>>> print(open('my_file.cif').read())   # mmCIF, C-alpha atoms
data_entry
#
loop_
_atom_site.label_atom_id
_atom_site.label_comp_id
_atom_site.auth_asym_id
_atom_site.auth_seq_id
_atom_site.Cartn_x
_atom_site.Cartn_y
_atom_site.Cartn_z
CA MET A 198 0.00 0.00 0.00
CA SER A 199 1.40 3.42 -0.94
CA PRO A 200 2.07 5.85 1.95
CA LEU A 201 -0.89 7.81 3.30
CA LEU A 202 0.36 11.13 4.62
CA PRO A 203 -1.65 13.62 6.71
CA ALA A 204 -2.29 17.07 5.25
CA LEU A 205 -0.03 18.78 7.80
CA LEU A 206 3.42 17.84 9.06
CA PRO A 207 3.95 17.05 12.75
CA ASP A 208 6.01 20.26 13.10
CA GLN A 209 2.94 22.25 12.04
CA LEU A 210 0.91 20.67 14.82
CA TYR A 211 3.15 20.32 17.86
CA PRO A 212 6.70 21.28 18.87
CA ALA A 213 9.38 18.59 18.89
CA ASN A 214 9.38 18.22 22.69
CA ALA A 215 5.60 17.71 22.89
CA ALA A 216 4.30 14.42 24.26
CA TYR A 217 0.77 13.02 24.08
CA MET A 218 -0.57 12.08 27.52
CA GLY A 219 -4.30 11.43 27.32
CA ARG A 220 -4.76 9.33 30.48
CA THR A 221 -6.62 11.51 33.01
CA ASN A 222 -9.26 10.59 35.64
CA LEU A 223 -13.04 10.45 36.08
CA PHE A 224 -13.21 13.74 37.96
CA GLU A 225 -11.75 15.65 35.02
CA THR A 226 -14.14 13.88 32.63
CA ARG A 227 -17.28 14.17 34.79
CA MET A 228 -19.04 16.28 32.12
CA LEU A 229 -18.31 13.69 29.42
CA GLY A 230 -20.07 10.67 30.90
CA TYR A 231 -16.80 8.71 30.94
CA HIS A 232 -16.23 5.36 32.63
CA GLU A 233 -12.85 3.84 33.57
CA LEU A 234 -12.32 2.00 30.27
CA GLN A 235 -12.73 5.22 28.28
CA LEU A 236 -9.87 6.83 30.19
CA ASP A 237 -7.51 4.38 28.50
CA ILE A 238 -9.30 4.39 25.14
CA ALA A 239 -8.56 8.14 25.03
CA THR A 240 -4.88 7.33 24.57
CA SER A 241 -5.51 5.94 21.06
CA VAL A 242 -5.89 9.22 19.11
CA LEU A 243 -3.65 10.80 16.43
CA MET A 244 -1.87 7.62 15.33
CA GLY A 245 0.32 8.42 12.33
CA ILE A 246 -0.15 12.17 12.79
CA ILE A 247 2.29 13.05 15.59
CA ASN A 248 5.30 11.14 14.27
CA GLY A 249 8.56 12.12 15.89
CA ARG A 250 6.80 12.97 19.15
CA ALA A 251 6.48 10.94 22.31
CA ALA A 252 3.14 9.34 23.14
CA ILE A 253 1.93 7.50 26.24
CA ARG A 254 -0.58 4.88 25.11
CA HIS A 255 -2.33 1.93 26.70
CA GLU A 256 -0.99 -1.33 25.30
CA ALA A 257 -4.49 -2.12 24.00
CA ALA A 258 -4.29 0.96 21.76
CA ALA A 259 -0.88 0.49 20.17
CA GLY A 260 0.19 -3.15 20.25
CA PRO A 261 1.86 -4.86 17.24
CA GLU A 262 -1.48 -6.23 16.00
CA ILE A 263 -2.72 -2.63 15.74
CA LEU A 264 0.44 -1.14 14.25
CA ASP A 265 0.25 -3.84 11.56
CA LEU A 266 -3.19 -2.58 10.50
CA PHE A 267 -1.96 1.01 10.22
CA SER A 268 1.01 -0.18 8.20
CA ARG A 269 -1.28 -2.15 5.91
CA ALA A 270 -3.21 1.08 5.25
CA GLY A 271 0.01 2.91 4.38
CA ILE A 272 -0.02 4.94 7.60
CA LYS A 273 3.43 5.20 9.15
CA VAL A 274 3.41 5.32 12.95
CA ASP A 275 6.85 6.56 13.94
CA GLU A 276 6.38 7.78 17.49
CA GLU A 277 8.37 7.32 20.67
CA ILE A 278 5.63 5.12 22.11
CA HIS A 279 5.52 4.48 25.85
CA LEU A 280 3.12 1.62 26.59
CA TYR A 281 1.41 1.14 29.93
CA GLN A 282 -1.14 -1.19 31.52
CA THR A 283 -2.15 0.62 34.70
CA GLU A 284 -2.80 4.22 35.71
CA ALA A 285 0.30 4.13 37.91
CA GLU A 286 2.43 3.00 34.96
CA ALA A 287 1.00 5.80 32.79
CA ARG A 288 1.93 8.36 35.41
CA ALA A 289 5.41 6.87 35.77
CA CYS A 290 5.91 7.22 32.01
CA ALA A 291 4.78 10.83 32.22
CA ASP A 292 7.06 11.56 35.16
CA ARG A 293 10.06 10.30 33.18
CA LEU A 294 9.15 12.39 30.15
CA ALA A 295 8.54 15.52 32.22
CA LYS A 296 12.01 15.19 33.76
CA THR A 297 13.56 15.19 30.27
CA GLY A 298 11.85 18.43 29.25
CA HIS A 299 8.76 17.11 27.44
CA GLN A 300 5.53 19.07 27.55
CA PHE A 301 2.21 17.23 27.56
CA PHE A 302 -0.78 17.86 25.36
CA TRP A 303 -4.10 16.17 26.07
CA PRO A 304 -7.78 16.29 25.08
CA TYR A 305 -8.91 16.74 28.69
CA PRO A 306 -6.92 18.16 31.62
CA LEU A 307 -4.65 15.91 33.62
CA PRO A 308 -5.41 15.64 37.35
CA ALA A 309 -4.50 18.83 39.20
CA GLY A 310 -1.18 18.70 40.99
CA TYR A 311 0.19 15.66 39.17
CA TYR A 312 2.76 17.56 37.12
CA PRO A 313 4.47 20.96 37.28
CA GLU A 314 3.10 23.81 35.17
CA SER A 315 6.20 23.59 32.95
CA ALA A 316 5.20 20.04 31.94
CA HIS A 317 2.11 21.25 30.05
CA LEU A 318 2.21 22.57 26.49
CA VAL A 319 -0.94 24.57 27.25
CA SER A 320 -1.64 25.81 30.76
CA PRO A 321 -4.58 23.92 32.29
CA ASP A 322 -5.97 27.29 33.40
CA LEU A 323 -5.88 28.58 29.82
CA TYR A 324 -7.48 25.37 28.56
CA ARG A 325 -10.37 25.83 30.98
CA ARG A 326 -10.76 29.49 30.09
CA LEU A 327 -10.82 28.87 26.34
CA ASN A 328 -13.17 25.91 26.49
CA ALA A 329 -15.64 27.40 28.97
CA LYS A 330 -18.72 28.07 26.85
CA GLN A 331 -19.64 31.21 28.78
CA ASN A 332 -16.35 32.83 27.61
CA ILE A 333 -17.02 32.38 23.91
CA ALA A 334 -17.77 36.10 23.42
CA GLN A 335 -14.15 36.85 24.33
CA LEU A 336 -13.03 35.09 21.14
CA VAL A 337 -15.35 36.46 18.47
CA SER A 338 -17.74 39.34 17.82
CA GLN A 339 -21.46 39.07 18.59
CA GLU A 340 -22.44 38.89 14.91
CA HIS A 341 -21.01 35.33 14.87
CA LEU A 342 -22.72 34.19 18.07
CA ALA A 343 -26.17 33.15 19.14
CA ASN A 344 -27.74 35.29 21.86
CA GLN A 345 -26.72 33.92 25.25
CA GLN A 346 -27.15 34.44 28.97
CA VAL A 347 -25.74 32.66 31.99
CA MET A 348 -28.11 31.64 34.80
CA SER A 349 -27.69 30.23 38.28
CA HIS A 350 -29.62 27.09 39.18
CA GLU A 351 -32.02 29.26 41.18
CA MET A 352 -32.65 31.49 38.18
CA LEU A 353 -33.15 28.48 35.92
CA ALA A 354 -35.71 27.00 38.31
CA ALA A 355 -37.90 30.08 37.82
CA TYR A 356 -37.23 30.54 34.11
CA GLU A 357 -39.74 29.78 31.36
CA PRO A 358 -38.54 30.04 27.74
CA THR A 359 -40.66 31.86 25.18
CA SER A 360 -38.91 30.34 22.17
CA ALA A 361 -36.63 27.45 21.26
CA ILE A 362 -33.35 27.46 23.20
CA CYS A 363 -30.38 25.28 24.02
CA LEU A 364 -29.13 24.62 27.55
CA LYS A 365 -25.39 24.07 28.02
CA ALA A 366 -23.16 23.54 31.03
CA ALA A 367 -21.25 26.65 32.04
CA GLY A 368 -18.20 26.47 34.28
CA ASP A 369 -14.71 25.17 33.54
CA ALA A 370 -15.19 21.38 33.52
CA ALA A 371 -14.18 19.72 30.26
CA THR A 372 -17.15 19.00 28.00
CA GLY A 373 -17.71 17.13 24.75
CA PHE A 374 -19.84 14.72 22.74
CA GLY A 375 -22.94 16.83 23.42
CA TYR A 376 -23.12 15.21 26.88
CA ALA A 377 -24.05 18.46 28.67
CA VAL A 378 -25.88 20.10 25.73
CA PHE A 379 -29.68 19.99 25.53
CA PRO A 380 -31.71 21.46 22.65
CA CYS A 381 -35.08 22.54 24.05
CA LEU A 382 -37.39 22.93 21.08
CA ASP A 383 -40.51 22.58 23.24
CA ARG A 384 -41.38 22.92 26.92
CA ALA A 385 -41.28 19.18 27.61
CA ALA A 386 -37.65 19.03 26.47
CA PHE A 387 -36.86 22.10 28.57
CA VAL A 388 -38.38 20.63 31.74
CA LYS A 389 -36.42 17.40 31.26
CA ALA A 390 -33.16 19.28 30.62
CA ARG A 391 -33.68 21.58 33.61
CA ALA A 392 -34.12 18.58 35.87
CA TRP A 393 -30.89 17.04 34.51
CA PHE A 394 -28.92 20.16 35.39
CA GLN A 395 -30.54 20.46 38.82
CA GLU A 396 -29.41 16.92 39.65
CA ARG A 397 -25.82 17.92 38.87
CA GLN A 398 -25.54 21.20 40.73
CA ASN A 399 -22.35 20.08 42.47
CA ASP A 400 -20.53 19.69 39.13
CA ILE A 401 -22.16 22.48 37.12
CA PRO A 402 -21.94 25.94 38.73
CA ALA A 403 -24.19 27.69 36.18
CA ILE A 404 -26.11 27.10 32.97
CA LEU A 405 -25.71 28.80 29.61
CA ILE A 406 -29.00 29.54 27.86
CA GLU A 407 -28.52 30.00 24.15
CA GLU A 408 -30.92 31.06 21.42
CA TRP A 409 -31.72 28.15 19.10
CA ILE A 410 -30.62 28.90 15.54
CA ASP A 411 -31.58 26.63 12.65
CA VAL A 412 -28.61 25.88 10.40
CA ASP A 413 -28.41 24.31 6.97
CA ARG A 414 -24.97 22.82 7.71
CA CYS A 415 -22.72 22.58 10.72
CA TRP A 416 -19.05 21.70 10.76
CA CYS A 417 -16.35 20.72 13.20
CA VAL A 418 -13.53 22.91 11.89
CA GLY A 419 -9.92 21.77 12.24
CA LEU A 420 -7.25 24.23 13.38
CA ALA A 421 -3.51 23.84 13.88
CA ILE A 422 -2.20 26.60 16.14
CA SER A 423 1.56 27.04 16.34
CA GLU A 424 3.88 29.65 17.77
CA THR A 425 3.58 31.79 14.64
CA GLN A 426 0.28 31.06 12.90
CA THR A 427 -3.14 29.44 12.81
CA ILE A 428 -3.91 27.05 9.95
CA CYS A 429 -7.46 25.96 9.13
CA TYR A 430 -7.26 22.48 7.59
CA GLY A 431 -10.92 22.16 6.67
CA GLY A 432 -14.26 21.33 8.17
CA ALA A 433 -15.98 18.00 8.72
CA GLU A 434 -19.74 18.26 8.26
CA GLN A 435 -21.52 17.03 11.34
CA MET A 436 -24.21 14.37 11.10
CA PHE A 437 -26.91 14.41 13.77
CA SER A 438 -29.06 11.59 15.12
CA THR A 439 -31.28 14.15 16.87
CA PRO A 440 -30.95 17.96 17.15
CA GLY A 441 -27.67 18.78 18.87
CA LYS A 442 -26.51 15.15 19.15
CA GLN A 443 -23.76 14.35 16.65
CA SER A 444 -23.62 10.85 15.18
CA GLY A 445 -20.69 11.21 12.77
CA SER A 446 -18.80 13.35 10.27
CA ILE A 447 -18.61 13.67 6.50
CA VAL A 448 -15.82 15.22 4.45
CA ASP A 449 -16.63 15.84 0.78
CA SER A 450 -13.85 16.81 -1.65
CA ASN A 451 -16.51 18.29 -3.94
CA PHE A 452 -17.81 20.58 -1.21
CA SER A 453 -14.97 22.38 0.54
CA PHE A 454 -15.53 24.17 3.80
CA PRO A 455 -16.54 27.74 2.78
CA ASP A 456 -13.85 30.42 2.85
CA GLU A 457 -15.98 32.69 5.04
CA GLY A 458 -16.23 29.98 7.68
CA ALA A 459 -12.49 29.30 7.44
CA SER A 460 -11.71 32.99 7.93
CA LEU A 461 -13.89 33.06 11.04
CA ALA A 462 -12.16 29.95 12.40
CA VAL A 463 -8.68 31.42 11.84
CA LYS A 464 -9.74 34.64 13.58
CA VAL A 465 -10.85 32.65 16.62
CA GLY A 466 -7.69 30.54 16.49
CA GLU A 467 -5.52 33.65 16.37
CA ALA A 468 -7.23 35.02 19.48
CA ALA A 469 -6.40 31.76 21.26
CA ARG A 470 -2.83 31.69 19.89
CA LYS A 471 -2.10 35.14 21.30
CA LEU A 472 -3.25 33.87 24.70
CA GLY A 473 -0.84 30.93 24.49
CA PHE A 474 -2.77 28.00 23.04
CA ARG A 475 -0.74 25.57 20.91
CA GLY A 476 -1.74 22.43 19.03
CA ILE A 477 -4.81 20.96 17.37
CA ALA A 478 -8.22 22.51 18.03
CA GLY A 479 -11.75 22.14 16.71
CA LEU A 480 -14.57 24.66 16.47
CA ASP A 481 -18.27 23.93 15.98
CA ILE A 482 -19.40 26.40 13.32
CA GLY A 483 -22.80 26.43 11.63
CA ARG A 484 -24.30 28.37 8.74
CA SER A 485 -27.70 29.83 9.56
CA ALA A 486 -30.63 30.15 7.18
CA ASP A 487 -29.70 33.79 6.51
CA GLY A 488 -26.12 32.82 5.59
CA ARG A 489 -24.38 33.87 8.81
CA PHE A 490 -21.55 31.72 10.14
CA ILE A 491 -22.14 31.10 13.84
CA LEU A 492 -19.59 29.80 16.33
CA PHE A 493 -21.50 27.49 18.65
CA ASP A 494 -18.78 25.82 20.69
CA PRO A 495 -15.04 26.28 21.19
CA ASN A 496 -13.17 22.97 21.35
CA PHE A 497 -9.56 23.82 22.03
CA ARG A 498 -8.56 20.18 22.08
CA ILE A 499 -8.25 17.20 19.75
CA ALA A 500 -11.63 16.54 18.12
CA SER A 501 -13.24 13.29 17.00
CA SER A 502 -12.86 14.43 13.37
CA SER A 503 -9.23 15.63 13.59
CA SER A 504 -7.67 12.50 12.08
CA GLN A 505 -10.37 12.17 9.40
CA LEU A 506 -9.81 15.75 8.27
CA LEU A 507 -6.04 15.36 8.18
CA PHE A 508 -6.01 12.04 6.31
CA HIS A 509 -8.99 12.66 3.99
CA PRO A 510 -7.12 14.53 1.19
CA ALA A 511 -4.54 11.77 0.73
CA ALA A 512 -7.12 8.99 1.08
CA SER A 513 -9.37 10.64 -1.49
CA LEU A 514 -6.50 11.13 -3.93
CA ARG A 515 -5.28 7.55 -3.54
CA SER A 516 -8.71 5.92 -3.83
CA GLY A 517 -10.25 8.30 -6.34
CA LEU A 518 -13.27 8.56 -4.02
CA ALA A 519 -14.46 12.02 -3.02
CA VAL A 520 -16.38 11.44 0.20
CA SER A 521 -15.38 10.06 3.59
CA GLN A 522 -17.75 9.22 6.42
CA SER A 523 -16.57 8.57 9.95
CA PHE A 524 -16.91 5.02 11.18
CA GLN A 525 -16.88 3.38 14.60
CA VAL A 526 -18.15 0.02 15.78
CA THR A 527 -17.44 -2.25 18.74
CA PRO A 528 -17.11 -5.81 17.41
CA VAL A 529 -16.66 -8.82 19.65
CA GLY A 530 -14.53 -11.94 19.37
CA ASP A 531 -10.83 -12.52 18.81
CA PHE A 532 -9.14 -9.27 17.69
CA LYS A 533 -7.14 -11.31 15.15
CA HIS A 534 -10.37 -12.23 13.37
CA VAL A 535 -11.58 -8.62 13.49
CA ALA A 536 -8.31 -7.52 11.89
CA GLN A 537 -8.62 -10.13 9.15
CA LYS A 538 -12.07 -8.80 8.25
CA LEU A 539 -10.51 -5.35 7.79
CA HIS A 540 -7.79 -6.50 5.40
CA GLY A 541 -10.02 -6.43 2.31
CA PRO A 542 -11.54 -2.95 2.88
CA ILE A 543 -8.09 -1.55 3.70
CA ASP A 544 -6.41 -3.18 0.70
CA GLU A 545 -9.22 -1.99 -1.59
CA GLY A 546 -8.78 1.57 -0.29
CA TRP A 547 -12.28 2.25 0.98
CA PHE A 548 -11.55 2.02 4.70
CA MET A 549 -8.90 4.05 6.52
CA PRO A 550 -8.23 3.30 10.20
CA THR A 551 -7.65 6.06 12.75
CA ARG A 552 -8.05 4.31 16.14
CA PHE A 553 -8.22 0.80 17.57
CA PHE A 554 -8.58 -0.67 21.03
CA ASN A 555 -8.04 -4.37 21.68
CA VAL A 556 -10.00 -5.01 24.87
CA ALA A 557 -8.44 -8.44 25.29
CA LYS A 558 -5.49 -6.44 26.67
CA HIS A 559 -7.54 -4.50 29.22
CA THR A 560 -8.51 -5.66 32.69
CA LEU A 561 -11.90 -3.89 32.48
CA SER A 562 -12.74 -5.53 29.18
CA ASN A 563 -16.41 -5.61 28.29
CA GLY A 564 -15.69 -7.93 25.39
CA LYS A 565 -16.11 -5.23 22.76
CA HIS A 566 -13.14 -3.97 20.77
CA MET A 567 -13.12 -0.52 19.19
CA VAL A 568 -12.58 0.00 15.47
CA SER A 569 -12.56 3.62 14.31
CA GLY A 570 -11.73 5.30 11.05
CA PHE A 571 -13.58 6.42 7.96
CA VAL A 572 -15.04 4.79 4.88
CA MET A 573 -14.80 6.22 1.37
CA GLY A 574 -17.36 6.55 -1.40
CA ALA A 575 -17.73 8.26 -4.76
CA ASP A 576 -20.57 10.33 -3.26
CA ARG A 577 -22.44 10.57 0.03
CA GLU A 578 -24.83 7.78 -0.80
CA ALA A 579 -21.95 5.48 -1.70
CA ALA A 580 -20.10 6.38 1.51
CA SER A 581 -23.22 5.56 3.53
CA HIS A 582 -23.50 2.23 1.72
CA ALA A 583 -19.83 1.49 2.50
CA TRP A 584 -20.48 2.32 6.17
CA LYS A 585 -23.33 -0.18 6.36
CA LYS A 586 -21.33 -2.82 4.47
CA LEU A 587 -18.36 -2.57 6.83
CA GLN A 588 -20.59 -2.60 9.89
CA GLU A 589 -22.23 -5.82 8.71
CA MET A 590 -18.82 -7.37 8.02
CA LEU A 591 -17.55 -6.63 11.51
CA ILE A 592 -20.58 -7.49 13.63
CA SER A 593 -21.57 -10.65 11.76
#
>>> encode(input="my_file.cif", output="structure tokens")
Amino acid sequence: MSPLLPALLPDQLYPANAAYMGRTNLFETRMLGYHELQLDIATSVLMGIINGRAAIRHEAAAGPEILDLFSRAGIKVDEEIHLYQTEAEARACADRLAKTGHQFFWPYPLPAGYYPESAHLVSPDLYRRLNAKQNIAQLVSQEHLANQQVMSHEMLAAYEPTSAICLKAAGDAATGFGYAVFPCLDRAAFVKARAWFQERQNDIPAILIEEWIDVDRCWCVGLAISETQTICYGGAEQMFSTPGKQSGSIVDSNFSFPDEGASLAVKVGEAARKLGFRGIAGLDIGRSADGRFILFDPNFRIASSSSQLLFHPAASLRSGLAVSQSFQVTPVGDFKHVAQKLHGPIDEGWFMPTRFFNVAKHTLSNGKHMVSGFVMGADREAASHAWKKLQEMLIS
């Protein structure tokens, strides 16, 4: 298989002394709905993208059986990989790297007090400030925002909306996956969402109430923010199972992310760069019915679509297929047999892997492996057909 190279070089994403350390704890991920197994699954991101950097990964995410699949797809994984089995081993790896001058980057903050400030590529305080949804107006002008207000739990208890809104968790806890986001298009949805927030008053200090804006498309926009510049490397169109709940991403070579949206994303990225943010980021940007580009959520962290966006151009060129659709399933059985089922789709060029997790190597195994990547198709319908075909192959 010919090499499959990401759209940006590692030096454009992270400095040479950066190290990926994604293993945090349940307190830091309390607004994500995480369980213990997911803390280790989080170490599987950006394979083949951060070559030349150090990475601390659970052995279930980067064993030889997994590296072989990336190699088969033409993806070179040339990292300084530090494998661990337990949380204590992960921290020991990080301690060694911190002592040699490495700086950690992560999707969600590491436990407070574990490492000195100098061991972080981005200050945890800055991360929290940039990702706090109530601070979004500090990054962009009001014309690119929905109308918002922050309420206490007491204020929310007495509030009655007069139009469609969206409730979001305010505060500085890490959020994602739409876990703490609730579209309220009618009163019944609002009452249910209000009760959810009231039950979590200890973790959520306030609630952001946001005007609901109908959009014709919404993207997760990829940014690479370095010492000297912000690069927008495209937008992955978000697919939704229900309003506000994302179910996947599509990248279409025949429909590039609009320049106006890219300009907005770079402007936001530059504001963050001047404050000290470095690395990969994602922004949720939608286009309203009147053509405005609206920034809905700042995600100054690795996004679920980051790898798809970075590998899509090369995968499309190599396969001759214009559209990619994100893919993730949790097959059961021997991982060797799962891998064998992937050989054909990989060799034929219509499946590109981005993440794996072999739960046979994890003590909290629930019997379900993780296979993530994206499928290719000549158009969106063909990509959807490929998604269903691969799902049937893996779960049969």
>>> resolve_selection(input="my_file.cif", expression="the PyMOL selection byres ((chain A and resi 343-357) around 6)", output="list in words")
Leu342, Pro358, Ala403, Ile404, Leu405, Ile406, Glu407 and Glu408 of chain A
>>> resolve_selection(input="my_file.cif", expression="the PyMOL selection byres ((chain A and resi 335) around 12)", output="PyMOL selection string")
chain A and resi 326-334+336-339+341-342+464-466+468-469+472+492+495
>>> atom_distance(input="my_file.cif", atom1="atom CA of Asp383 of chain A", atom2="atom CA of Arg484 of chain A")
22.5 Å
>>> residues_around(input="my_file.cif", residues="segment 558-567 of chain A", least_positions_apart="2", cutoff="10 Å", atoms="all atoms listed in the file", output="list in words")
Glu233, Leu234, Asp237, Ile238, His255, Glu256, Ala257, Ala258, Gly260, Gln282, Thr283, Gln525, Val526, Thr527, Pro528, Val529, Gly530, Asp531, Phe532, Val535, Arg552, Phe553, Phe554, Asn555, Val556 and Ser569 of chain A
>>> closest_atom_pairs(input="my_file.cif", of="segment 405-444 of chain A", to="segment 299-322 of chain A", cutoff="12 Å", atoms="all atoms listed in the file", output="CSV")
residue,atom,partner,partner_atom,distance
A:Ile422,CA,A:Val319,CA,11.4
A:Ser423,CA,A:Leu318,CA,11.1
A:Glu424,CA,A:Leu318,CA,11.4
>>> resolve_selection(input="my_file.cif", expression="the PyMOL selection byres ((chain A and resi 202) around 8)", output="number ranges by chain")
A: 200-201, 203-204, 272, 508, 511
>>> atom_distance(input="my_file.cif", atom1="atom CA of Asp265 of chain A", atom2="atom CA of Trp584 of chain A")
22.3 Å
>>> atom_distance(input="my_file.cif", atom1="atom CA of Leu506 of chain A", atom2="atom CA of Tyr231 of chain A")
24.7 Å
>>> decode(input="my_file.cif", residues="segment 517-525 of chain A", atoms="all heavy atoms", output="mmCIF file, in the first residue's frame")
data_model
loop_
_atom_site.group_PDB
_atom_site.id
_atom_site.type_symbol
_atom_site.label_atom_id
_atom_site.label_comp_id
_atom_site.auth_asym_id
_atom_site.auth_seq_id
_atom_site.Cartn_x
_atom_site.Cartn_y
_atom_site.Cartn_z
ATOM 1 N N GLY A 517 -9.415 7.728 -5.297
ATOM 2 C CA GLY A 517 -10.251 8.301 -6.339
ATOM 3 C C GLY A 517 -11.688 8.507 -5.889
ATOM 4 O O GLY A 517 -12.571 8.767 -6.714
ATOM 5 N N LEU A 518 -11.931 8.415 -4.587
ATOM 6 C CA LEU A 518 -13.269 8.564 -4.015
ATOM 7 C C LEU A 518 -13.346 9.874 -3.252
ATOM 8 O O LEU A 518 -12.471 10.191 -2.453
ATOM 9 C CB LEU A 518 -13.587 7.385 -3.100
ATOM 10 C CG LEU A 518 -13.498 6.000 -3.760
ATOM 11 C CD1 LEU A 518 -13.659 4.890 -2.722
ATOM 12 C CD2 LEU A 518 -14.549 5.857 -4.862
ATOM 13 N N ALA A 519 -14.403 10.643 -3.491
ATOM 14 C CA ALA A 519 -14.456 12.025 -3.018
ATOM 15 C C ALA A 519 -14.930 12.189 -1.588
ATOM 16 O O ALA A 519 -14.625 13.186 -0.938
ATOM 17 C CB ALA A 519 -15.366 12.851 -3.942
ATOM 18 N N VAL A 520 -15.686 11.239 -1.072
ATOM 19 C CA VAL A 520 -16.381 11.436 0.204
ATOM 20 C C VAL A 520 -15.905 10.438 1.250
ATOM 21 O O VAL A 520 -15.758 9.245 0.964
ATOM 22 C CB VAL A 520 -17.909 11.304 0.019
ATOM 23 C CG1 VAL A 520 -18.632 11.439 1.355
ATOM 24 C CG2 VAL A 520 -18.414 12.357 -0.966
ATOM 25 N N SER A 521 -15.657 10.948 2.451
ATOM 26 C CA SER A 521 -15.376 10.058 3.587
ATOM 27 C C SER A 521 -16.437 10.264 4.656
ATOM 28 O O SER A 521 -16.923 11.375 4.866
ATOM 29 C CB SER A 521 -13.984 10.318 4.174
ATOM 30 O OG SER A 521 -13.907 11.587 4.795
ATOM 31 N N GLN A 522 -16.801 9.171 5.310
ATOM 32 C CA GLN A 522 -17.753 9.218 6.418
ATOM 33 C C GLN A 522 -17.137 8.513 7.612
ATOM 34 O O GLN A 522 -16.594 7.411 7.482
ATOM 35 C CB GLN A 522 -19.078 8.544 6.046
ATOM 36 C CG GLN A 522 -20.119 8.565 7.159
ATOM 37 C CD GLN A 522 -21.473 8.002 6.725
ATOM 38 O OE1 GLN A 522 -21.835 8.070 5.555
ATOM 39 N NE2 GLN A 522 -22.211 7.442 7.673
ATOM 40 N N SER A 523 -17.169 9.163 8.759
ATOM 41 C CA SER A 523 -16.572 8.572 9.952
ATOM 42 C C SER A 523 -17.235 7.243 10.283
ATOM 43 O O SER A 523 -18.411 7.017 9.989
ATOM 44 C CB SER A 523 -16.683 9.535 11.139
ATOM 45 O OG SER A 523 -18.044 9.785 11.451
ATOM 46 N N PHE A 524 -16.451 6.374 10.905
ATOM 47 C CA PHE A 524 -16.913 5.019 11.180
ATOM 48 C C PHE A 524 -16.423 4.584 12.548
ATOM 49 O O PHE A 524 -15.250 4.777 12.892
ATOM 50 C CB PHE A 524 -16.383 4.057 10.114
ATOM 51 C CG PHE A 524 -16.794 2.618 10.314
ATOM 52 C CD1 PHE A 524 -17.992 2.158 9.801
ATOM 53 C CD2 PHE A 524 -15.984 1.743 11.023
ATOM 54 C CE1 PHE A 524 -18.388 0.841 9.990
ATOM 55 C CE2 PHE A 524 -16.358 0.418 11.210
ATOM 56 C CZ PHE A 524 -17.576 -0.032 10.686
ATOM 57 N N GLN A 525 -17.293 3.999 13.340
ATOM 58 C CA GLN A 525 -16.876 3.384 14.600
ATOM 59 C C GLN A 525 -17.857 2.299 14.990
ATOM 60 O O GLN A 525 -19.068 2.531 15.003
ATOM 61 C CB GLN A 525 -16.776 4.416 15.726
ATOM 62 C CG GLN A 525 -16.298 3.796 17.051
ATOM 63 C CD GLN A 525 -15.877 4.829 18.058
ATOM 64 O OE1 GLN A 525 -15.064 5.699 17.766
ATOM 65 N NE2 GLN A 525 -16.418 4.749 19.265
#
